[in-house]
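Text of query.txt, listed as compact mmCIF, N, CA and C atoms:
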# COMPACT_ATOMS: atom_id res chain seq x y z
N LEU A 65 16.15 -1.41 -5.11
CA LEU A 65 14.76 -1.65 -4.76
C LEU A 65 14.14 -2.72 -5.64
N GLY A 66 14.51 -2.70 -6.91
CA GLY A 66 13.95 -3.70 -7.82
C GLY A 66 14.27 -5.12 -7.39
N GLY A 67 15.51 -5.34 -6.94
CA GLY A 67 15.90 -6.67 -6.47
C GLY A 67 15.15 -7.09 -5.23
N LEU A 68 14.93 -6.14 -4.32
CA LEU A 68 14.19 -6.45 -3.10
C LEU A 68 12.74 -6.81 -3.41
N ILE A 69 12.14 -6.06 -4.33
CA ILE A 69 10.76 -6.36 -4.73
C ILE A 69 10.70 -7.73 -5.41
N ALA A 70 11.65 -8.00 -6.27
CA ALA A 70 11.67 -9.28 -6.98
C ALA A 70 11.82 -10.45 -6.00
N ALA A 71 12.57 -10.26 -4.93
CA ALA A 71 12.81 -11.33 -3.97
C ALA A 71 11.66 -11.51 -2.98
N ALA A 72 10.79 -10.54 -2.88
CA ALA A 72 9.72 -10.57 -1.89
C ALA A 72 8.55 -11.44 -2.34
N ASP A 73 7.93 -12.10 -1.37
CA ASP A 73 6.68 -12.82 -1.66
C ASP A 73 5.50 -11.86 -1.62
N THR A 74 5.56 -10.92 -0.68
CA THR A 74 4.48 -9.96 -0.45
C THR A 74 5.08 -8.58 -0.28
N VAL A 75 4.40 -7.58 -0.81
CA VAL A 75 4.83 -6.19 -0.67
C VAL A 75 3.74 -5.43 0.09
N VAL A 76 4.15 -4.76 1.16
CA VAL A 76 3.23 -3.90 1.91
C VAL A 76 3.40 -2.50 1.35
N PHE A 77 2.29 -1.92 0.89
CA PHE A 77 2.31 -0.55 0.39
C PHE A 77 1.63 0.33 1.41
N VAL A 78 2.37 1.26 1.98
CA VAL A 78 1.85 2.16 3.00
C VAL A 78 1.19 3.34 2.30
N ILE A 79 -0.11 3.49 2.53
CA ILE A 79 -0.88 4.54 1.86
C ILE A 79 -0.96 5.78 2.74
N SER A 80 -0.57 6.89 2.14
CA SER A 80 -0.66 8.21 2.76
C SER A 80 -0.71 9.21 1.62
N PRO A 81 -1.06 10.46 1.90
CA PRO A 81 -1.01 11.46 0.83
C PRO A 81 0.38 11.57 0.21
N ASP A 82 1.42 11.39 1.04
CA ASP A 82 2.79 11.49 0.54
C ASP A 82 3.14 10.31 -0.37
N SER A 83 2.77 9.10 0.03
CA SER A 83 3.14 7.93 -0.78
C SER A 83 2.42 7.93 -2.13
N VAL A 84 1.16 8.34 -2.17
CA VAL A 84 0.45 8.33 -3.46
C VAL A 84 0.91 9.46 -4.37
N ALA A 85 1.59 10.47 -3.83
CA ALA A 85 2.12 11.56 -4.64
C ALA A 85 3.56 11.31 -5.08
N SER A 86 4.20 10.29 -4.53
CA SER A 86 5.62 10.01 -4.77
C SER A 86 5.83 9.22 -6.06
N THR A 87 6.74 9.68 -6.91
CA THR A 87 7.06 8.95 -8.12
C THR A 87 7.82 7.66 -7.80
N VAL A 88 8.64 7.67 -6.77
CA VAL A 88 9.36 6.45 -6.37
C VAL A 88 8.37 5.40 -5.87
N CYS A 89 7.43 5.81 -5.04
CA CYS A 89 6.42 4.87 -4.54
C CYS A 89 5.55 4.34 -5.68
N ALA A 90 5.23 5.19 -6.65
CA ALA A 90 4.45 4.75 -7.81
C ALA A 90 5.22 3.69 -8.59
N TRP A 91 6.52 3.90 -8.75
CA TRP A 91 7.35 2.91 -9.44
C TRP A 91 7.36 1.59 -8.66
N GLU A 92 7.55 1.67 -7.35
CA GLU A 92 7.56 0.46 -6.52
C GLU A 92 6.25 -0.31 -6.66
N LEU A 93 5.14 0.40 -6.64
CA LEU A 93 3.83 -0.23 -6.78
C LEU A 93 3.67 -0.85 -8.16
N ASP A 94 4.06 -0.13 -9.20
CA ASP A 94 3.98 -0.66 -10.57
C ASP A 94 4.86 -1.89 -10.74
N GLU A 95 6.07 -1.84 -10.18
CA GLU A 95 6.99 -2.97 -10.28
C GLU A 95 6.44 -4.19 -9.54
N SER A 96 5.86 -3.96 -8.39
CA SER A 96 5.26 -5.06 -7.62
C SER A 96 4.13 -5.70 -8.42
N ALA A 97 3.28 -4.89 -9.02
CA ALA A 97 2.17 -5.40 -9.82
C ALA A 97 2.69 -6.12 -11.07
N ARG A 98 3.69 -5.54 -11.70
CA ARG A 98 4.25 -6.14 -12.92
C ARG A 98 4.82 -7.53 -12.63
N LEU A 99 5.43 -7.69 -11.47
CA LEU A 99 6.02 -8.97 -11.09
C LEU A 99 5.00 -9.92 -10.45
N GLY A 100 3.75 -9.47 -10.33
CA GLY A 100 2.70 -10.32 -9.79
C GLY A 100 2.82 -10.57 -8.30
N LYS A 101 3.39 -9.62 -7.59
CA LYS A 101 3.56 -9.77 -6.14
C LYS A 101 2.24 -9.55 -5.43
N ARG A 102 2.04 -10.27 -4.34
CA ARG A 102 0.87 -10.04 -3.49
C ARG A 102 1.07 -8.69 -2.82
N LEU A 103 0.05 -7.83 -2.90
CA LEU A 103 0.12 -6.49 -2.32
C LEU A 103 -0.81 -6.37 -1.13
N ILE A 104 -0.30 -5.79 -0.06
CA ILE A 104 -1.11 -5.50 1.11
C ILE A 104 -1.07 -3.99 1.32
N PRO A 105 -2.15 -3.28 0.99
CA PRO A 105 -2.19 -1.84 1.20
C PRO A 105 -2.58 -1.51 2.65
N VAL A 106 -1.75 -0.72 3.31
CA VAL A 106 -2.00 -0.32 4.69
C VAL A 106 -2.14 1.20 4.73
N VAL A 107 -3.30 1.67 5.16
CA VAL A 107 -3.57 3.11 5.22
C VAL A 107 -3.09 3.64 6.57
N VAL A 108 -2.11 4.55 6.52
CA VAL A 108 -1.64 5.19 7.75
C VAL A 108 -2.15 6.62 7.87
N ARG A 109 -2.48 7.21 6.71
CA ARG A 109 -3.15 8.51 6.67
C ARG A 109 -4.11 8.45 5.49
N ARG A 110 -5.33 8.82 5.73
CA ARG A 110 -6.37 8.68 4.71
C ARG A 110 -6.12 9.56 3.50
N ILE A 111 -6.57 9.03 2.35
CA ILE A 111 -6.52 9.75 1.09
C ILE A 111 -7.92 9.75 0.50
N SER A 112 -8.14 10.59 -0.48
CA SER A 112 -9.44 10.56 -1.17
C SER A 112 -9.46 9.37 -2.12
N ASP A 113 -10.64 8.85 -2.38
CA ASP A 113 -10.77 7.72 -3.29
C ASP A 113 -10.19 8.04 -4.67
N ALA A 114 -10.32 9.29 -5.09
CA ALA A 114 -9.82 9.70 -6.41
C ALA A 114 -8.30 9.63 -6.49
N ASP A 115 -7.61 9.70 -5.36
CA ASP A 115 -6.15 9.66 -5.34
C ASP A 115 -5.58 8.25 -5.24
N ALA A 116 -6.45 7.26 -5.10
CA ALA A 116 -5.98 5.88 -4.93
C ALA A 116 -5.32 5.38 -6.22
N PRO A 117 -4.13 4.79 -6.10
CA PRO A 117 -3.49 4.22 -7.28
C PRO A 117 -4.35 3.09 -7.85
N PRO A 118 -4.49 3.02 -9.17
CA PRO A 118 -5.34 1.99 -9.78
C PRO A 118 -4.98 0.57 -9.37
N ALA A 119 -3.69 0.29 -9.16
CA ALA A 119 -3.27 -1.07 -8.80
C ALA A 119 -3.83 -1.50 -7.44
N LEU A 120 -4.24 -0.54 -6.62
CA LEU A 120 -4.76 -0.87 -5.29
C LEU A 120 -6.28 -0.84 -5.24
N GLY A 121 -6.91 -0.43 -6.32
CA GLY A 121 -8.35 -0.25 -6.33
C GLY A 121 -9.17 -1.49 -6.05
N ARG A 122 -8.69 -2.66 -6.45
CA ARG A 122 -9.47 -3.90 -6.30
C ARG A 122 -9.13 -4.65 -5.02
N LEU A 123 -8.20 -4.13 -4.23
CA LEU A 123 -7.74 -4.83 -3.04
C LEU A 123 -8.45 -4.34 -1.78
N ASN A 124 -8.47 -5.19 -0.76
CA ASN A 124 -8.96 -4.77 0.56
C ASN A 124 -7.82 -4.07 1.29
N TRP A 125 -8.12 -2.92 1.84
CA TRP A 125 -7.11 -2.12 2.53
C TRP A 125 -7.19 -2.37 4.02
N VAL A 126 -6.04 -2.33 4.66
CA VAL A 126 -5.95 -2.40 6.12
C VAL A 126 -5.85 -0.96 6.62
N PHE A 127 -6.78 -0.57 7.49
CA PHE A 127 -6.79 0.80 8.00
C PHE A 127 -6.10 0.84 9.36
N CYS A 128 -5.05 1.63 9.43
CA CYS A 128 -4.24 1.71 10.64
C CYS A 128 -3.86 3.17 10.91
N THR A 129 -4.86 4.04 10.88
CA THR A 129 -4.62 5.45 11.14
C THR A 129 -4.75 5.71 12.64
N GLU A 130 -4.53 6.93 13.04
CA GLU A 130 -4.64 7.31 14.45
C GLU A 130 -6.00 6.94 15.04
N SER A 131 -7.05 7.08 14.24
CA SER A 131 -8.41 6.84 14.76
C SER A 131 -8.89 5.40 14.60
N ASP A 132 -8.10 4.55 13.95
CA ASP A 132 -8.52 3.16 13.73
C ASP A 132 -8.09 2.26 14.88
N ASP A 133 -8.80 1.16 15.02
CA ASP A 133 -8.50 0.15 16.03
C ASP A 133 -7.27 -0.64 15.57
N LYS A 134 -6.13 -0.41 16.21
CA LYS A 134 -4.87 -1.04 15.83
C LYS A 134 -4.91 -2.56 15.99
N ASP A 135 -5.58 -3.06 17.02
CA ASP A 135 -5.69 -4.51 17.21
C ASP A 135 -6.47 -5.14 16.07
N ALA A 136 -7.53 -4.51 15.64
CA ALA A 136 -8.33 -5.03 14.53
C ALA A 136 -7.50 -4.98 13.24
N ALA A 137 -6.72 -3.94 13.05
CA ALA A 137 -5.89 -3.80 11.86
C ALA A 137 -4.84 -4.91 11.79
N ARG A 138 -4.32 -5.30 12.95
CA ARG A 138 -3.31 -6.36 13.01
C ARG A 138 -3.93 -7.75 13.02
N GLY A 139 -5.24 -7.82 13.12
CA GLY A 139 -5.91 -9.11 13.17
C GLY A 139 -5.83 -9.77 14.53
N ALA A 140 -5.52 -8.97 15.55
CA ALA A 140 -5.38 -9.53 16.92
C ALA A 140 -6.72 -9.70 17.58

As structure tokens, how would this structure be written, given the file I've shared?
Amino acid sequence: LGGLIAAADTVVFVISPDSVASTVCAWELDESARLGKRLIPVVVRRISDADAPPALGRLNWVFCTESDDKDAARGA
């Protein structure tokens, strides 16, 4: 995973209650930030603001949950 992150220009982080609770996902996010990768947070299931990883706090999130407009999320 580290090599894939290092080779990537942009990393999409899928936000859900499961991903923010995952130690592997936390490592991936930390590694992406450490390497200065552009991060695109995509919300597929909503979380509370208190559960948001600090590395994603300053970024604009793309909302793509069941109730969100998928065309708007994709920029279509």

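CA of Ser80 in chain A is found 5.6 Å from atom C of Val108 in chain A.
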
Kindly indicate which residue among A:Trp125, A:Ala119, A:Ser112, A:Ala70 lies nearest to Leu93 in chain A, using all atoms listed in the file for the distances.
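Of all the options, A:Ala119 lies closest to Leu93 in chain A.
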
Contacts of Ala72 in chain A at 12 Å (only C-alpha atoms; same-chain gap of 4+ positions) as a list in words:
Leu65, Gly66, Gly67, Leu68, Val76, Glu95, Ser96, Leu99, Gly100, Lys101, Arg102 and Leu103 of chain A

Just list the residues in chain A DSSP gives strand (DSSP E or B) on the backbone, as a ChimeraX atom specification.
/A:74-79,102-107,126-127

Using only N, CA and C atoms, the best pick from A:Pro105, A:Arg122, A:Arg110, A:Thr87 as closest to Val75 in chain A would be A:Pro105

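For the pair CA of Thr74 in chain A and CA of Val107 in chain A, the separation is 16.4 Å.
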
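Distance annotation: of A:Ala97, A:Ile111, A:Val106, A:Ile69, the residue with the minimal separation from Cys128 in chain A is A:Val106; atom set is all atoms listed in the file.
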